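Colleague: This is the structure I want to talk about, given as structure tokens.
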Amino acid sequence: LLKTLKSHGWSRVAIAAPTRGCGTTFSAIHLALSLARVPGSRTALLDLNLRRPGLATALELHRAGDMGGFLRGQVRPADHMLRISDRLALGLTQATEADPADLLQSDSCAAAIGDLMDRLMPDVLLCDLPPLLDHDDLAAFLPQVDGVLLVADGTQTLPDHIAACERGLNGQTKVLGVVLNQARLAGPTPIHA
């Protein structure tokens with residue numbers, strides 16, 4: 001992912017699944033933690049699933065912040081972001097929003113994301129978003145990202161789900177890859193396992 005982002009001069013990545021329960025938040029957290037280990041690299045992770053925010057709970061962090069206020073320009077990045085280390089900052093929330101798609105496509109949201117990028121200068125901005133086929137939040141937020149990382153669940157995601165996501169994103173942004181969660185080993189156990 002880093003190689004692809006650097007080769008194109010990209011830095012903003014949306015992480016979403018076709019449907020609920022695929023492990024988007026789990027994947028976003030572990031990707032952010034992995035990227036934060038890269039020397040000289042800075043990562044910011046935002047919980048933009050304003051329907052069912054989960055990063056703060058998953059990370060057991062009680063300082064959740066006000067994502068709605070941040071995206072409306074009412075809260076400065078310095079007051080909203082939680083710096084975990086020199087290489088990782090988190091934008092958390094536990095509050096839901098009444099109409100998240102409208103907020104995510106607003107001018108104030110674009111300005112807030114731009115301000116965050118200017119002030120924190122992360123090499124990678126990861127944005128955890130709701131399921132693509134269930135809501136239009138990701139579609140509303142697409143102008144703010146360079147590409148989308150899809151998260152599929154090996155026990156519930158169908159090829160048709162991935163194809164529908166790719167069709168929906170075609171011509172709007174790049175699909176940077178597909179992360180497969182809950183994969184099951186089929187057949188005999190390999191000797192090296």
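So you can find residues: chains in the structure tokens are A, B, ... in the order shown, residues in each start at 1, and ligands are numbered from 1 in order.
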Mind checking which residues fall within 8 Å of stretch 108-125 of chain A, counting only C-alpha atoms, ignoring those fewer than 3 positions away in the same chain, and posting them as a list in words?
Modeller: Ser11, Arg12, Val13, Ser41, Arg42, Thr43, Ala44, Leu45, Leu46, Phe70, Leu71, Arg72, Gly73, Pro77, Leu103, Leu104, Gln105 and Gln144 of chain A
Colleague: Once you have the residues from the selection above, write them out as a short mmCIF file (atom, residue, chain, number, x, y, z; two decimals), in the first residue's frame, restricted to C-alpha atoms.
Modeller:
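Saved result, again.cif, follows:
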data_model
loop_
_atom_site.label_atom_id
_atom_site.label_comp_id
_atom_site.auth_asym_id
_atom_site.auth_seq_id
_atom_site.Cartn_x
_atom_site.Cartn_y
_atom_site.Cartn_z
CA SER A 11 -1.91 9.90 0.93
CA ARG A 12 -5.66 9.66 1.66
CA VAL A 13 -7.21 6.20 1.92
CA SER A 41 6.31 7.76 8.38
CA ARG A 42 3.36 9.49 10.03
CA THR A 43 -0.17 8.07 10.00
CA ALA A 44 -3.52 9.53 11.01
CA LEU A 45 -6.63 7.37 11.46
CA LEU A 46 -10.12 8.90 11.50
CA PHE A 70 -14.33 18.71 13.84
CA LEU A 71 -15.89 18.09 10.41
CA ARG A 72 -18.08 21.17 10.80
CA GLY A 73 -15.01 23.29 11.54
CA PRO A 77 -7.43 19.44 14.62
CA LEU A 103 -21.77 16.10 6.63
CA LEU A 104 -19.14 14.06 4.76
CA GLN A 105 -19.82 15.86 1.47
CA GLN A 144 -11.54 13.68 -0.08
#
Colleague: What's the 10 Å shell around stretch 59-62 of chain A, counting only C-alpha atoms, without same-chain residues fewer than 2 positions away, as a PyMOL selection string?
Modeller: chain A and resi 26+29+54-57+64-65+82+92-94
Colleague: Write out, as a PDB file, in the first residue's frame, the residues just selected, with N, CA, C and O atoms.
Modeller:
ATOM      1  N   PHE A  26     -11.381  -3.253  12.521  1.00  0.00           N
ATOM      2  CA  PHE A  26     -10.246  -4.118  12.868  1.00  0.00           C
ATOM      3  C   PHE A  26      -9.101  -3.912  11.873  1.00  0.00           C
ATOM      4  O   PHE A  26      -7.949  -3.716  12.258  1.00  0.00           O
ATOM      5  N   ILE A  29      -7.503  -0.328  12.168  1.00  0.00           N
ATOM      6  CA  ILE A  29      -6.631  -0.219  13.346  1.00  0.00           C
ATOM      7  C   ILE A  29      -5.294  -0.904  13.097  1.00  0.00           C
ATOM      8  O   ILE A  29      -4.227  -0.322  13.340  1.00  0.00           O
ATOM      9  N   GLY A  54     -16.621   2.977  15.952  1.00  0.00           N
ATOM     10  CA  GLY A  54     -16.122   1.843  16.717  1.00  0.00           C
ATOM     11  C   GLY A  54     -14.660   1.888  17.103  1.00  0.00           C
ATOM     12  O   GLY A  54     -14.205   1.049  17.875  1.00  0.00           O
ATOM     13  N   LEU A  55     -13.906   2.843  16.566  1.00  0.00           N
ATOM     14  CA  LEU A  55     -12.468   2.870  16.858  1.00  0.00           C
ATOM     15  C   LEU A  55     -12.182   3.071  18.338  1.00  0.00           C
ATOM     16  O   LEU A  55     -11.349   2.365  18.910  1.00  0.00           O
ATOM     17  N   ALA A  56     -12.834   4.030  18.974  1.00  0.00           N
ATOM     18  CA  ALA A  56     -12.559   4.320  20.387  1.00  0.00           C
ATOM     19  C   ALA A  56     -12.849   3.104  21.257  1.00  0.00           C
ATOM     20  O   ALA A  56     -12.055   2.747  22.132  1.00  0.00           O
ATOM     21  N   THR A  57     -13.965   2.435  20.992  1.00  0.00           N
ATOM     22  CA  THR A  57     -14.328   1.251  21.762  1.00  0.00           C
ATOM     23  C   THR A  57     -13.334   0.122  21.512  1.00  0.00           C
ATOM     24  O   THR A  57     -12.871  -0.514  22.455  1.00  0.00           O
ATOM     25  N   ALA A  64     -12.868  10.226  23.381  1.00  0.00           N
ATOM     26  CA  ALA A  64     -13.350   9.944  22.034  1.00  0.00           C
ATOM     27  C   ALA A  64     -13.377  11.149  21.113  1.00  0.00           C
ATOM     28  O   ALA A  64     -13.292  11.000  19.916  1.00  0.00           O
ATOM     29  N   GLY A  65     -13.501  12.341  21.598  1.00  0.00           N
ATOM     30  CA  GLY A  65     -13.505  13.507  20.725  1.00  0.00           C
ATOM     31  C   GLY A  65     -14.862  13.777  20.103  1.00  0.00           C
ATOM     32  O   GLY A  65     -15.834  13.062  20.329  1.00  0.00           O
ATOM     33  N   LEU A  82      -6.009  12.790  18.813  1.00  0.00           N
ATOM     34  CA  LEU A  82      -5.310  12.187  19.942  1.00  0.00           C
ATOM     35  C   LEU A  82      -3.990  11.627  19.425  1.00  0.00           C
ATOM     36  O   LEU A  82      -3.980  10.689  18.608  1.00  0.00           O
ATOM     37  N   LEU A  92     -11.100  10.269  16.910  1.00  0.00           N
ATOM     38  CA  LEU A  92     -12.105   9.334  17.399  1.00  0.00           C
ATOM     39  C   LEU A  92     -13.434  10.027  17.668  1.00  0.00           C
ATOM     40  O   LEU A  92     -13.506  11.245  17.779  1.00  0.00           O
ATOM     41  N   THR A  93     -14.458   9.220  17.798  1.00  0.00           N
ATOM     42  CA  THR A  93     -15.768   9.696  18.203  1.00  0.00           C
ATOM     43  C   THR A  93     -16.569   8.512  18.723  1.00  0.00           C
ATOM     44  O   THR A  93     -16.268   7.366  18.376  1.00  0.00           O
ATOM     45  N   GLN A  94     -17.543   8.804  19.537  1.00  0.00           N
ATOM     46  CA  GLN A  94     -18.504   7.782  19.928  1.00  0.00           C
ATOM     47  C   GLN A  94     -19.912   8.241  19.599  1.00  0.00           C
ATOM     48  O   GLN A  94     -20.859   7.486  19.730  1.00  0.00           O
TER      49      GLN A  94
END
Colleague: Within 9 Å of A:Thr25, counting only C-alpha atoms, which residues show up once you throw out same-chain ones fewer than 5 positions away? Write them as number ranges by chain, please.
Modeller: A: 15-16, 30, 47, 53-55, 58, 128-129
Colleague: Among stretch 11-165 of chain A, which ones does DSSP assign to alpha helix (DSSP H) (computed from the backbone)? Answer as a PyMOL selection string.
Modeller: chain A and resi 24-35+55-58+67-71+77-80+100-104+107-120+137-141+159-165
Colleague: Taking 2 positions as the minimum chain separation for residues in the same chain, which residues sit within 7 Å of A:Pro131 when counting only C-alpha atoms? Answer as JSON, numbers by chain.
Modeller: {"A": [16, 17, 18, 19, 20, 129, 133, 134, 135]}
Colleague: Could you tell me how far atom CA of A:Asn181 sits from atom CA of A:Ala139, in Å to one decimal place?
Modeller: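 Computing it gives 23.1 Å between the two atoms.
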Colleague: Counting only C-alpha atoms, figure out which residue out of A:Ala78, A:Leu150, A:Leu2, A:Ala95 gets nearest to A:Ala28.
Modeller: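 Nearest candidate to A:Ala28 out of A:Ala78, A:Leu150, A:Leu2, A:Ala95: A:Leu150.
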Colleague: With distances taken over only C-alpha atoms, which residue among A:Leu180, A:Val145, A:Leu169, A:Ala101 lies nearest A:Leu5?
Modeller: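 The answer is A:Val145, which sits nearest to A:Leu5.
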Colleague: Using only C-alpha atoms, which of A:Gly69, A:Val151, A:Cys127, A:His8 sits nearest A:Ala32?
Modeller: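 Nearest to A:Ala32: A:Cys127.
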Colleague: To one decimal place, how far is atom CA of A:Gln172 from atom CA of A:Thr4 in Å?
Modeller: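 Atom CA of A:Gln172 sits 17.7 Å away from atom CA of A:Thr4.
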Colleague: From the set A:Leu50, A:Cys165, A:Ala152, A:Leu138, which residue has the shortest atom-to-atom contact distance to A:Ala98, counting only C-alpha atoms?
Modeller: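 Checking each candidate against A:Ala98, we get A:Leu50 as the closest.
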